[in-house]
$ cat model_28.txt   # compact mmCIF, C-alpha atoms
# COMPACT_ATOMS: atom_id res chain seq x y z
CA MET A 1 -30.51 -19.50 32.14
CA THR A 2 -31.03 -15.90 31.05
CA SER A 3 -33.96 -15.07 28.81
CA ARG A 4 -33.43 -13.92 25.25
CA THR A 5 -35.25 -11.08 23.54
CA HIS A 6 -34.87 -12.49 20.03
CA SER A 7 -35.66 -15.95 18.78
CA PRO A 8 -32.70 -18.24 18.09
CA ALA A 9 -33.42 -18.07 14.36
CA GLU A 10 -32.94 -14.30 14.10
CA PRO A 11 -29.20 -14.15 14.75
CA ALA A 12 -28.63 -17.10 12.42
CA SER A 13 -30.63 -15.33 9.73
CA ASP A 14 -28.57 -12.18 10.18
CA ASP A 15 -25.35 -14.20 10.11
CA GLN A 16 -26.45 -15.86 6.89
CA MET A 17 -27.25 -12.48 5.36
CA ALA A 18 -23.89 -11.08 6.48
CA SER A 19 -22.03 -14.05 5.04
CA ARG A 20 -23.87 -13.88 1.73
CA VAL A 21 -23.51 -10.13 1.29
CA MET A 22 -19.85 -10.00 2.33
CA ARG A 23 -19.02 -12.80 -0.08
CA LYS A 24 -20.71 -10.99 -2.95
CA VAL A 25 -19.13 -7.62 -2.14
CA ALA A 26 -15.67 -9.11 -1.60
CA LEU A 27 -15.77 -11.04 -4.87
CA ARG A 28 -16.99 -7.96 -6.71
CA LEU A 29 -14.56 -5.37 -5.31
CA ILE A 30 -11.43 -6.96 -3.85
CA PRO A 31 -10.04 -8.62 -7.03
CA PHE A 32 -10.59 -5.44 -9.09
CA LEU A 33 -9.12 -3.10 -6.48
CA GLY A 34 -6.30 -5.55 -5.80
CA LEU A 35 -5.41 -5.59 -9.50
CA ALA A 36 -5.41 -1.78 -9.52
CA TYR A 37 -3.09 -1.73 -6.48
CA PHE A 38 -0.90 -4.38 -8.12
CA LEU A 39 -0.43 -2.19 -11.21
CA ASN A 40 -0.07 0.88 -9.01
CA TYR A 41 2.93 -0.45 -7.16
CA ILE A 42 4.55 -1.91 -10.27
CA ASP A 43 4.36 1.47 -12.02
CA ARG A 44 5.72 3.20 -8.94
CA THR A 45 8.67 0.89 -8.21
CA ASN A 46 9.65 -0.61 -11.58
CA ILE A 47 12.23 2.19 -11.73
CA ALA A 48 14.25 -0.03 -9.35
CA PHE A 49 14.79 -2.53 -12.18
CA ALA A 50 15.06 0.11 -14.90
CA LYS A 51 17.94 1.54 -12.87
CA LEU A 52 20.12 -1.53 -13.52
CA THR A 53 20.65 -0.37 -17.13
CA MET A 54 18.99 3.07 -17.19
CA SER A 55 21.61 4.61 -14.89
CA GLU A 56 24.32 4.11 -17.48
CA ASP A 57 22.11 5.34 -20.35
CA LEU A 58 21.10 8.52 -18.50
CA GLY A 59 24.31 9.00 -16.47
CA LEU A 60 22.72 8.56 -13.02
CA THR A 61 24.72 8.24 -9.80
CA GLU A 62 23.19 6.35 -6.86
CA THR A 63 22.22 9.70 -5.33
CA ALA A 64 20.63 10.90 -8.59
CA TYR A 65 18.68 7.66 -8.87
CA GLY A 66 17.51 8.00 -5.27
CA LEU A 67 16.38 11.56 -6.00
CA ALA A 68 14.42 10.46 -9.08
CA SER A 69 12.79 7.65 -7.09
CA GLY A 70 11.84 9.96 -4.24
CA LEU A 71 10.58 12.86 -6.38
CA PHE A 72 7.49 10.78 -7.09
CA PHE A 73 6.33 11.67 -3.59
CA VAL A 74 6.52 15.47 -3.99
CA GLY A 75 3.26 15.85 -5.90
CA TYR A 76 1.86 12.80 -4.13
CA ILE A 77 2.32 14.45 -0.73
CA LEU A 78 1.01 17.88 -1.77
CA LEU A 79 -2.21 16.57 -3.32
CA GLU A 80 -3.01 13.57 -1.11
CA VAL A 81 -5.54 15.26 1.19
CA PRO A 82 -7.28 17.32 -1.56
CA SER A 83 -7.52 14.20 -3.73
CA ASN A 84 -9.16 12.15 -0.99
CA LEU A 85 -11.63 14.93 -0.23
CA ALA A 86 -12.44 15.04 -3.96
CA LEU A 87 -13.14 11.30 -3.91
CA HIS A 88 -15.49 11.79 -0.96
CA LYS A 89 -17.27 14.60 -2.81
CA PHE A 90 -17.42 13.31 -6.41
CA GLY A 91 -17.59 9.56 -5.78
CA ALA A 92 -15.07 6.74 -5.86
CA ARG A 93 -15.99 5.47 -9.32
CA ARG A 94 -15.16 8.70 -11.13
CA TRP A 95 -12.12 9.58 -9.05
CA ILE A 96 -10.44 6.17 -9.04
CA ALA A 97 -10.98 5.91 -12.82
CA ARG A 98 -9.38 9.35 -13.27
CA ILE A 99 -6.38 8.40 -11.17
CA LEU A 100 -5.80 5.12 -13.00
CA VAL A 101 -5.96 6.63 -16.49
CA SER A 102 -3.75 9.62 -15.74
CA TRP A 103 -1.04 7.71 -13.90
CA GLY A 104 -1.05 4.92 -16.50
CA LEU A 105 -0.44 7.40 -19.30
CA ILE A 106 2.44 9.05 -17.47
CA ALA A 107 3.94 5.68 -16.49
CA ALA A 108 3.94 4.62 -20.15
CA LEU A 109 5.37 7.95 -21.36
CA MET A 110 8.37 7.51 -19.03
CA ALA A 111 9.65 5.22 -21.79
CA PHE A 112 10.63 8.33 -23.74
CA VAL A 113 12.52 10.43 -21.16
CA PRO A 114 15.76 11.65 -22.84
CA ASN A 115 17.77 12.56 -19.75
CA ALA A 116 17.84 12.74 -15.94
CA THR A 117 15.99 16.08 -15.86
CA TRP A 118 13.01 14.71 -17.77
CA LEU A 119 13.07 11.56 -15.65
CA ASN A 120 12.73 13.75 -12.53
CA ILE A 121 9.86 15.71 -14.12
CA ALA A 122 8.10 12.48 -15.09
CA ARG A 123 8.41 11.10 -11.56
CA VAL A 124 6.88 14.27 -10.07
CA ALA A 125 4.04 14.09 -12.62
CA LEU A 126 3.45 10.42 -11.79
CA GLY A 127 3.05 11.29 -8.11
CA ILE A 128 0.61 14.10 -8.91
CA ALA A 129 -1.47 11.75 -11.05
CA GLU A 130 -1.54 9.00 -8.45
CA ALA A 131 -2.15 11.18 -5.37
CA GLY A 132 -5.07 9.94 -3.32
CA PHE A 133 -5.27 6.44 -4.78
CA PHE A 134 -4.32 4.35 -1.75
CA PRO A 135 -6.03 6.41 0.98
CA GLY A 136 -9.01 6.69 -1.38
CA ILE A 137 -9.25 2.91 -1.54
CA MET A 138 -8.92 2.68 2.25
CA LEU A 139 -11.80 5.14 2.58
CA TYR A 140 -13.81 3.34 -0.10
CA LEU A 141 -13.52 0.03 1.77
CA THR A 142 -15.10 1.64 4.86
CA PHE A 143 -18.23 2.22 2.75
CA TRP A 144 -18.61 -1.50 2.09
CA PHE A 145 -17.06 -3.65 4.83
CA PRO A 146 -18.01 -3.67 8.55
CA ARG A 147 -15.22 -3.53 11.10
CA ALA A 148 -15.57 -7.21 12.01
CA VAL A 149 -14.24 -8.34 8.62
CA ARG A 150 -12.34 -5.27 7.44
CA VAL A 151 -8.80 -6.18 8.49
CA ARG A 152 -9.00 -9.60 6.85
CA LEU A 153 -10.34 -8.18 3.60
CA VAL A 154 -7.92 -5.25 3.63
CA GLY A 155 -5.20 -7.87 4.03
CA VAL A 156 -6.44 -9.69 0.94
CA PHE A 157 -6.53 -6.39 -0.98
CA MET A 158 -3.11 -5.30 0.22
CA VAL A 159 -1.50 -8.60 -0.69
CA ALA A 160 -1.27 -6.97 -4.12
CA LEU A 161 1.55 -4.86 -2.64
CA PRO A 162 4.09 -7.66 -2.05
CA LEU A 163 2.70 -9.62 -5.02
CA SER A 164 3.43 -6.67 -7.29
CA SER A 165 7.07 -7.03 -6.32
CA ALA A 166 7.04 -10.84 -6.24
CA LEU A 167 5.60 -11.06 -9.76
CA GLY A 168 6.67 -7.66 -11.02
CA ALA A 169 10.34 -8.28 -10.23
CA PRO A 170 10.84 -11.23 -12.60
CA ILE A 171 8.47 -9.74 -15.20
CA SER A 172 10.19 -6.35 -15.23
CA SER A 173 13.67 -7.81 -15.27
CA ALA A 174 12.75 -10.28 -18.03
CA ILE A 175 11.31 -7.47 -20.19
CA ILE A 176 14.50 -5.45 -19.75
CA GLN A 177 16.75 -8.38 -20.60
CA TYR A 178 14.80 -10.18 -23.34
CA TRP A 179 12.75 -7.40 -24.98
CA HIS A 180 15.67 -5.04 -25.41
CA GLY A 181 15.43 -3.57 -28.90
CA LEU A 182 11.64 -4.01 -29.25
CA PHE A 183 10.21 -0.96 -31.08
CA GLY A 184 13.84 0.16 -31.36
CA LEU A 185 13.91 0.96 -27.61
CA GLU A 186 16.23 0.00 -24.78
CA GLY A 187 14.86 -2.73 -22.52
CA TRP A 188 14.06 -0.40 -19.63
CA ARG A 189 12.08 1.88 -21.95
CA VAL A 190 10.09 -1.09 -23.26
CA MET A 191 9.33 -2.05 -19.64
CA PHE A 192 7.89 1.40 -18.79
CA LEU A 193 5.74 1.37 -21.93
CA VAL A 194 4.43 -2.18 -21.57
CA GLU A 195 3.67 -1.86 -17.85
CA GLY A 196 1.89 1.52 -18.14
CA ILE A 197 -0.72 0.61 -20.77
CA PRO A 198 -2.67 -1.97 -18.67
CA THR A 199 -3.28 0.69 -16.01
CA VAL A 200 -4.96 2.97 -18.56
CA LEU A 201 -7.23 0.13 -19.69
CA LEU A 202 -8.15 -0.72 -16.09
CA GLY A 203 -9.00 2.94 -15.44
CA ILE A 204 -11.47 2.92 -18.32
CA ALA A 205 -13.00 -0.28 -16.93
CA ALA A 206 -13.28 1.27 -13.45
CA TRP A 207 -15.67 3.94 -14.75
CA PHE A 208 -18.19 1.25 -15.66
CA TYR A 209 -17.42 -1.38 -13.04
CA LEU A 210 -17.19 0.33 -9.64
CA THR A 211 -20.16 1.41 -7.51
CA ASP A 212 -19.95 4.35 -5.13
CA ARG A 213 -22.17 3.15 -2.26
CA PRO A 214 -24.11 0.00 -1.26
CA ARG A 215 -27.47 1.64 -1.97
CA GLN A 216 -26.45 1.97 -5.63
CA ALA A 217 -25.27 -1.65 -6.04
CA LYS A 218 -27.62 -3.16 -8.62
CA TRP A 219 -25.55 -6.34 -8.45
CA LEU A 220 -27.00 -6.90 -4.94
CA SER A 221 -30.64 -7.77 -4.32
CA THR A 222 -32.89 -5.13 -2.75
CA GLU A 223 -32.81 -7.00 0.55
CA GLU A 224 -29.02 -7.26 0.46
CA ARG A 225 -28.58 -3.58 -0.42
CA THR A 226 -30.87 -2.53 2.42
CA TRP A 227 -29.11 -4.75 4.95
CA LEU A 228 -25.62 -3.55 4.02
CA ASP A 229 -26.61 0.11 3.81
CA ARG A 230 -28.19 -0.01 7.28
CA ARG A 231 -25.23 -1.91 8.73
CA MET A 232 -22.70 0.61 7.43
CA GLU A 233 -24.81 3.62 8.40
CA THR A 234 -25.08 2.23 11.95
CA GLU A 235 -21.30 1.80 12.23
CA HIS A 236 -20.61 5.27 10.85
CA ALA A 237 -23.12 6.76 13.30
CA GLU A 238 -21.47 4.95 16.23
CA THR A 239 -18.07 6.32 15.21
CA ALA A 240 -19.52 9.80 14.72
CA ASP A 241 -20.87 9.81 18.29
CA THR A 242 -17.37 9.64 19.76
CA GLY A 243 -15.02 10.25 16.83
CA HIS A 244 -14.17 13.05 14.41
CA VAL A 245 -16.47 13.60 11.45
CA SER A 246 -15.22 16.94 10.10
CA ALA A 247 -12.08 17.31 8.04
CA ARG A 248 -10.81 20.17 10.19
CA SER A 249 -11.16 18.30 13.50
CA SER A 250 -9.46 15.18 12.15
CA LEU A 251 -6.52 17.22 10.83
CA ARG A 252 -6.02 18.64 14.34
CA ASN A 253 -6.34 15.27 16.08
CA PRO A 254 -3.04 14.26 17.80
CA ASN A 255 -3.74 10.58 17.18
CA VAL A 256 -3.90 11.21 13.43
CA TRP A 257 -0.48 12.87 13.53
CA LEU A 258 0.97 10.10 15.69
CA LEU A 259 -0.34 7.53 13.22
CA GLY A 260 1.19 9.52 10.39
CA VAL A 261 4.65 9.67 11.97
CA THR A 262 4.38 5.98 12.82
CA TYR A 263 3.57 5.22 9.21
CA PHE A 264 6.59 7.30 8.19
CA GLY A 265 8.80 4.88 10.15
CA ILE A 266 7.18 1.78 8.65
CA GLY A 267 7.13 3.38 5.20
CA TYR A 268 10.82 4.24 5.41
CA GLY A 269 11.57 0.54 5.61
CA LEU A 270 9.08 -0.32 2.88
CA PHE A 271 10.42 2.21 0.37
CA ALA A 272 14.09 1.54 1.11
CA ILE A 273 13.61 -2.19 0.49
CA SER A 274 11.35 -1.68 -2.55
CA PHE A 275 13.64 0.76 -4.36
CA PHE A 276 17.04 -0.69 -3.42
CA LEU A 277 16.66 -4.46 -3.04
CA PRO A 278 17.62 -5.06 -6.72
CA THR A 279 20.71 -2.91 -6.09
CA ILE A 280 21.53 -4.89 -2.94
CA VAL A 281 21.29 -8.16 -4.87
CA ALA A 282 23.46 -6.71 -7.66
CA GLY A 283 25.95 -5.78 -4.93
CA PHE A 284 26.44 -9.46 -4.09
CA ALA A 285 28.94 -9.49 -6.99
CA LYS A 286 31.28 -7.26 -4.98
CA GLN A 287 30.38 -8.56 -1.53
CA PHE A 288 30.41 -12.31 -2.23
CA ASP A 289 31.97 -12.51 -5.72
CA THR A 290 28.65 -13.88 -7.03
CA THR A 291 27.17 -12.46 -10.22
CA PHE A 292 23.55 -12.74 -11.38
CA SER A 293 21.93 -11.73 -14.66
CA ILE A 294 19.16 -9.13 -14.65
CA ALA A 295 16.54 -11.89 -14.97
CA GLN A 296 18.10 -13.86 -12.10
CA ASN A 297 18.18 -10.68 -10.01
CA GLY A 298 14.44 -10.33 -10.53
CA LEU A 299 13.76 -13.92 -9.44
CA ILE A 300 15.86 -13.50 -6.28
CA VAL A 301 14.16 -10.21 -5.39
CA ALA A 302 10.75 -11.87 -5.83
CA VAL A 303 11.28 -14.39 -3.02
CA PRO A 304 10.94 -12.09 0.05
CA PHE A 305 7.84 -10.47 -1.42
CA LEU A 306 6.22 -13.81 -2.31
CA ILE A 307 6.68 -15.13 1.22
CA SER A 308 5.42 -11.80 2.60
CA SER A 309 2.22 -12.18 0.55
CA VAL A 310 1.34 -15.38 2.41
CA ALA A 311 2.37 -13.96 5.78
CA MET A 312 0.25 -10.82 5.26
CA ILE A 313 -2.93 -12.82 4.67
CA LEU A 314 -2.36 -15.20 7.58
CA TRP A 315 -1.47 -12.37 9.99
CA SER A 316 -4.49 -10.23 9.08
CA ARG A 317 -6.79 -13.26 9.45
CA ARG A 318 -5.31 -13.86 12.89
CA SER A 319 -5.99 -10.25 13.86
CA ASP A 320 -9.65 -10.54 12.86
CA ARG A 321 -10.03 -13.90 14.58
CA LEU A 322 -8.59 -12.61 17.87
CA LYS A 323 -10.13 -9.14 17.42
CA GLU A 324 -6.80 -7.62 18.46
CA ARG A 325 -5.11 -4.90 16.44
CA MET A 326 -2.32 -2.99 18.08
CA TRP A 327 -0.01 -5.89 18.97
CA HIS A 328 -0.59 -7.21 15.46
CA VAL A 329 1.10 -4.02 14.24
CA ILE A 330 3.77 -3.78 16.96
CA VAL A 331 5.11 -7.35 16.73
CA PRO A 332 5.81 -7.47 12.97
CA THR A 333 7.20 -3.92 13.00
CA ALA A 334 9.58 -4.96 15.78
CA LEU A 335 10.62 -8.01 13.73
CA ALA A 336 11.52 -5.77 10.80
CA THR A 337 13.33 -3.34 13.12
CA VAL A 338 15.60 -6.04 14.53
CA SER A 339 16.28 -7.88 11.26
CA VAL A 340 16.93 -5.11 8.72
CA PRO A 341 20.24 -3.67 10.05
CA VAL A 342 21.97 -7.05 10.31
CA ALA A 343 21.17 -8.22 6.77
CA MET A 344 24.42 -6.93 5.30
CA TYR A 345 26.50 -8.70 7.97
CA MET A 346 25.50 -12.19 6.83
CA SER A 347 28.14 -14.55 5.45
CA SER A 348 26.42 -15.57 2.20
CA PRO A 349 23.81 -14.37 -0.33
CA LEU A 350 21.39 -17.02 1.00
CA MET A 351 21.61 -15.86 4.62
CA THR A 352 21.36 -12.22 3.55
CA MET A 353 18.13 -12.95 1.67
CA VAL A 354 16.76 -14.95 4.62
CA VAL A 355 17.18 -11.95 6.91
CA ILE A 356 15.80 -9.53 4.31
CA THR A 357 12.80 -11.86 3.94
CA LEU A 358 12.13 -11.54 7.69
CA THR A 359 12.25 -7.76 7.28
CA ALA A 360 9.78 -7.88 4.38
CA VAL A 361 7.45 -10.22 6.29
CA GLY A 362 7.44 -7.83 9.24
CA ILE A 363 6.75 -4.71 7.16
CA PHE A 364 3.99 -6.20 5.01
CA SER A 365 2.26 -8.03 7.87
CA ALA A 366 1.94 -4.79 9.83
CA LEU A 367 0.33 -2.78 7.02
CA PRO A 368 -3.27 -4.12 6.73
CA VAL A 369 -3.79 -4.06 10.50
CA PHE A 370 -2.26 -0.58 10.74
CA TRP A 371 -4.86 0.79 8.32
CA TYR A 372 -7.67 -0.45 10.55
CA LEU A 373 -6.62 1.99 13.28
CA PRO A 374 -7.67 5.36 11.74
CA THR A 375 -11.20 4.07 11.05
CA THR A 376 -11.77 3.39 14.75
CA PHE A 377 -12.15 7.10 15.50
CA LEU A 378 -12.70 8.78 12.10
CA THR A 379 -15.71 8.77 9.81
CA GLY A 380 -17.22 10.80 6.95
CA ALA A 381 -15.16 13.76 5.71
CA GLY A 382 -13.01 13.36 8.82
CA ALA A 383 -12.01 9.88 7.65
CA ALA A 384 -11.27 11.17 4.15
CA ALA A 385 -8.99 13.91 5.49
CA GLY A 386 -7.48 11.91 8.35
CA ILE A 387 -6.62 8.81 6.33
CA ALA A 388 -5.13 11.01 3.61
CA LEU A 389 -3.04 12.92 6.17
CA VAL A 390 -1.71 9.69 7.69
CA ASN A 391 -0.77 8.43 4.24
CA THR A 392 0.73 11.81 3.30
CA ILE A 393 3.06 11.85 6.31
CA GLY A 394 3.96 8.22 5.70
CA ALA A 395 4.47 8.80 1.98
CA SER A 396 7.02 11.49 2.74
CA ALA A 397 9.26 8.58 3.72
CA GLY A 398 9.18 7.70 0.05
CA LEU A 399 10.84 11.03 -0.69
CA VAL A 400 13.44 10.70 2.06
CA ALA A 401 14.26 6.96 2.07
CA PRO A 402 15.39 6.45 -1.55
CA TYR A 403 17.44 9.65 -1.60
CA MET A 404 19.04 9.01 1.80
CA THR A 405 19.75 5.36 0.97
CA GLY A 406 21.28 6.30 -2.39
CA TRP A 407 23.37 9.09 -0.86
CA LEU A 408 24.69 6.78 1.87
CA LEU A 409 25.47 4.14 -0.74
CA ASP A 410 27.48 6.67 -2.75
CA ALA A 411 29.18 8.06 0.36
CA THR A 412 30.16 4.75 1.95
CA GLY A 413 30.20 2.31 -0.95
CA SER A 414 28.11 -0.09 1.15
CA SER A 415 24.43 -0.71 1.97
CA LYS A 416 25.18 -1.26 5.67
CA THR A 417 24.82 2.33 6.88
CA GLY A 418 21.61 2.84 4.95
CA LEU A 419 20.02 -0.25 6.48
CA TRP A 420 21.00 0.88 9.99
CA VAL A 421 19.13 4.11 9.29
CA VAL A 422 16.13 2.05 8.16
CA GLY A 423 16.26 0.16 11.46
CA GLY A 424 16.38 3.43 13.39
CA PHE A 425 13.24 4.80 11.77
CA MET A 426 11.40 1.53 12.27
CA ALA A 427 12.43 1.50 15.94
CA MET A 428 10.83 4.95 16.20
CA ALA A 429 7.63 3.45 14.76
CA VAL A 430 7.61 0.73 17.44
CA VAL A 431 7.93 3.31 20.22
CA LEU A 432 5.13 5.44 18.78
CA LEU A 433 2.90 2.37 18.42
CA LEU A 434 3.31 1.68 22.12
CA VAL A 435 2.30 5.29 22.85
CA LEU A 436 -0.68 4.98 20.51
CA ARG A 437 -1.76 1.75 22.13
CA GLY A 438 -2.35 3.57 25.39
CA ARG A 439 -4.08 6.53 23.76
CA LEU A 440 -6.43 4.47 21.59
CA ALA A 441 -7.22 2.01 24.36
CA ALA A 442 -8.38 4.98 26.44
CA SER A 443 -10.62 6.20 23.59
CA PRO A 444 -14.39 5.92 24.08
CA VAL A 445 -14.60 4.06 20.77
CA ARG A 446 -14.37 0.33 21.48
CA ALA A 447 -11.85 -0.47 18.81
CA ASN A 448 -10.29 -3.71 20.07
CA VAL A 449 -6.87 -2.12 20.02

$ encode --input "model_28.txt" --output "structure tokens"
Amino acid sequence: MTSRTHSPAEPASDDQMASRVMRKVALRLIPFLGLAYFLNYIDRTNIAFAKLTMSEDLGLTETAYGLASGLFFVGYILLEVPSNLALHKFGARRWIARILVSWGLIAALMAFVPNATWLNIARVALGIAEAGFFPGIMLYLTFWFPRAVRVRLVGVFMVALPLSSALGAPISSAIIQYWHGLFGLEGWRVMFLVEGIPTVLLGIAAWFYLTDRPRQAKWLSTEERTWLDRRMETEHAETADTGHVSARSSLRNPNVWLLGVTYFGIGYGLFAISFFLPTIVAGFAKQFDTTFSIAQNGLIVAVPFLISSVAMILWSRRSDRLKERMWHVIVPTALATVSVPVAMYMSSPLMTMVVITLTAVGIFSALPVFWYLPTTFLTGAGAAAGIALVNTIGASAGLVAPYMTGWLLDATGSSKTGLWVVGGFMAMAVVLLLVLRGRLAASPVRANV
């Protein structure tokens, strides 16, 4: 038998400390950040349900609606990198609180847009206010969670994304249908107002609740703070030895750009489904001679996202358990690629929703593992800039996908062509992931890719 330098008790003691600290940090941060992400995605995508009655009130075509949906990403894209660098400089607590309050106010004020022009202006303003939120959270999590547990916990955090649609769909549609006339407003206006206010309140709470770094966490004991701070500093130093620590070098890194274009392909599918699934379900009336109320539409739309919530957690746990990342992104992305174009060729509403559910499961399962990849070779300001750039390129799909899908729907009168385009962009993502697999595996950073 080989000799051991440390006594058998030492690793167990460290494991116990790791388990205790990670449990405390996860319980402190993940529910709060998950709630913020939940509200974030509701406020971003609830326009999909508003559209069911708002289009007639404001005179929107499918193309005009797609433009309004996508304009959110104009300011979002332009300010993503500067916003994340500001978070790195000024601290997560201040910056996340600022983002939450400003976007919540604008989301609520969308209740009062008088026409399509003001709707477009409000969507641009919403994107400006929100810029940097998601990549900022991804960066923030690297301050608190070691690589060994990060994918699993990011998966728990990101489950707020499909849950926001699973729960937000029936809530939003019910508000539109049953609260119509409240405050003398149309139902879709009431929805914007009611769903924007909680975000403002959460932003105020964030100022007092969040902690920038482990060394400042008074809710941990001195021993726990010291252990976590040293653990994270060691990991950041290891990445800095072989990775990119400056903003400029990360912005020039080919792998960052490849990740960004890959995320564009995945994001194209995500945004097309998120913004047009209620429209697809409403289209069952023409396709299958089956009509649903607005509230029923919301319940049907919720199903793929609810199932995806479970799949996302299980898949990210599997990735951490096997310590494998790249195939855990490639496989679900390939599933979405194959399933999405054929959804509109099914013979019934049930079979159409089954296939769309497979698409949603693939997209959402890929996301938490995907966001592990940039942190394998980026740290410090380089991580702030690199993660923001990846999200910026990916977010540009949010500008293209809704507009293109709406335009194709107007031009062809069917969702089929639009979903084939979705499949094409996701196929591009699969190819780029295979390229990235080789490049990252050859990296000196041992990233388990």

$ atom_distance --input "model_28.txt" --atom1 "CA of Leu440 in chain A" --atom2 "CA of Val369 in chain A"
14.2 Å

$ closest_residue --input "model_28.txt" --among "A:Trp219, A:Phe134, A:Phe90, A:Phe275" --to "Met158 in chain A" --atoms "all atoms listed in the file"
A:Phe134

$ residues_around --input "model_28.txt" --residues "range 421-429 of chain A" --least-positions-apart "6" --cutoff "12 Å" --atoms "only C-alpha atoms" --output "PyMOL selection string"
chain A and resi 258-273+276+329-343+359+362-363+366+370+394+397+400-402+404-405+408-409+415+435-436

$ residues_around --input "model_28.txt" --residues "Ala395 in chain A" --least-positions-apart "3" --cutoff "7 Å" --atoms "all atoms listed in the file" --output "PyMOL selection string"
chain A and resi 73+77+264+267+391-392+398

$ residues_around --input "model_28.txt" --residues "Val151 in chain A" --least-positions-apart "3" --cutoff "6 Å" --atoms "all atoms listed in the file" --output "PDB file with C-alpha atoms, keeping the file's coordinate frame"
ATOM      1  CA  VAL A 154      -7.920  -5.250   3.630  1.00  0.00           C
ATOM      2  CA  GLY A 155      -5.200  -7.870   4.030  1.00  0.00           C
ATOM      3  CA  SER A 316      -4.490 -10.230   9.080  1.00  0.00           C
ATOM      4  CA  VAL A 369      -3.790  -4.060  10.500  1.00  0.00           C
TER       5      VAL A 369
END

$ closest_atom_pairs --input "model_28.txt" --of "range 45-100 of chain A" --to "range 286-296 of chain A" --cutoff "10 Å" --atoms "only C-alpha atoms" --output "Markdown table"
| residue | atom | partner | partner_atom | distance |
| --- | --- | --- | --- | --- |
| A:Phe49 | CA | A:Ile294 | CA | 8.3 |
| A:Leu52 | CA | A:Ile294 | CA | 7.7 |
| A:Thr53 | CA | A:Ile294 | CA | 9.2 |

$ atom_distance --input "model_28.txt" --atom1 "CA of Tyr37 in chain A" --atom2 "CA of Trp179 in chain A"
25.0 Å

$ closest_residue --input "model_28.txt" --among "A:Trp144, A:Trp118, A:Val190, A:Ser164" --to "Asn40 in chain A" --atoms "all atoms listed in the file"
A:Ser164

$ residues_around --input "model_28.txt" --residues "Asp410 in chain A" --least-positions-apart "6" --cutoff "12 Å" --atoms "all atoms listed in the file" --output "MDAnalysis selection string"
chainID A and resid 60:66 403:404 416:418

$ atom_distance --input "model_28.txt" --atom1 "CA of Tyr41 in chain A" --atom2 "CA of Val159 in chain A"
11.3 Å
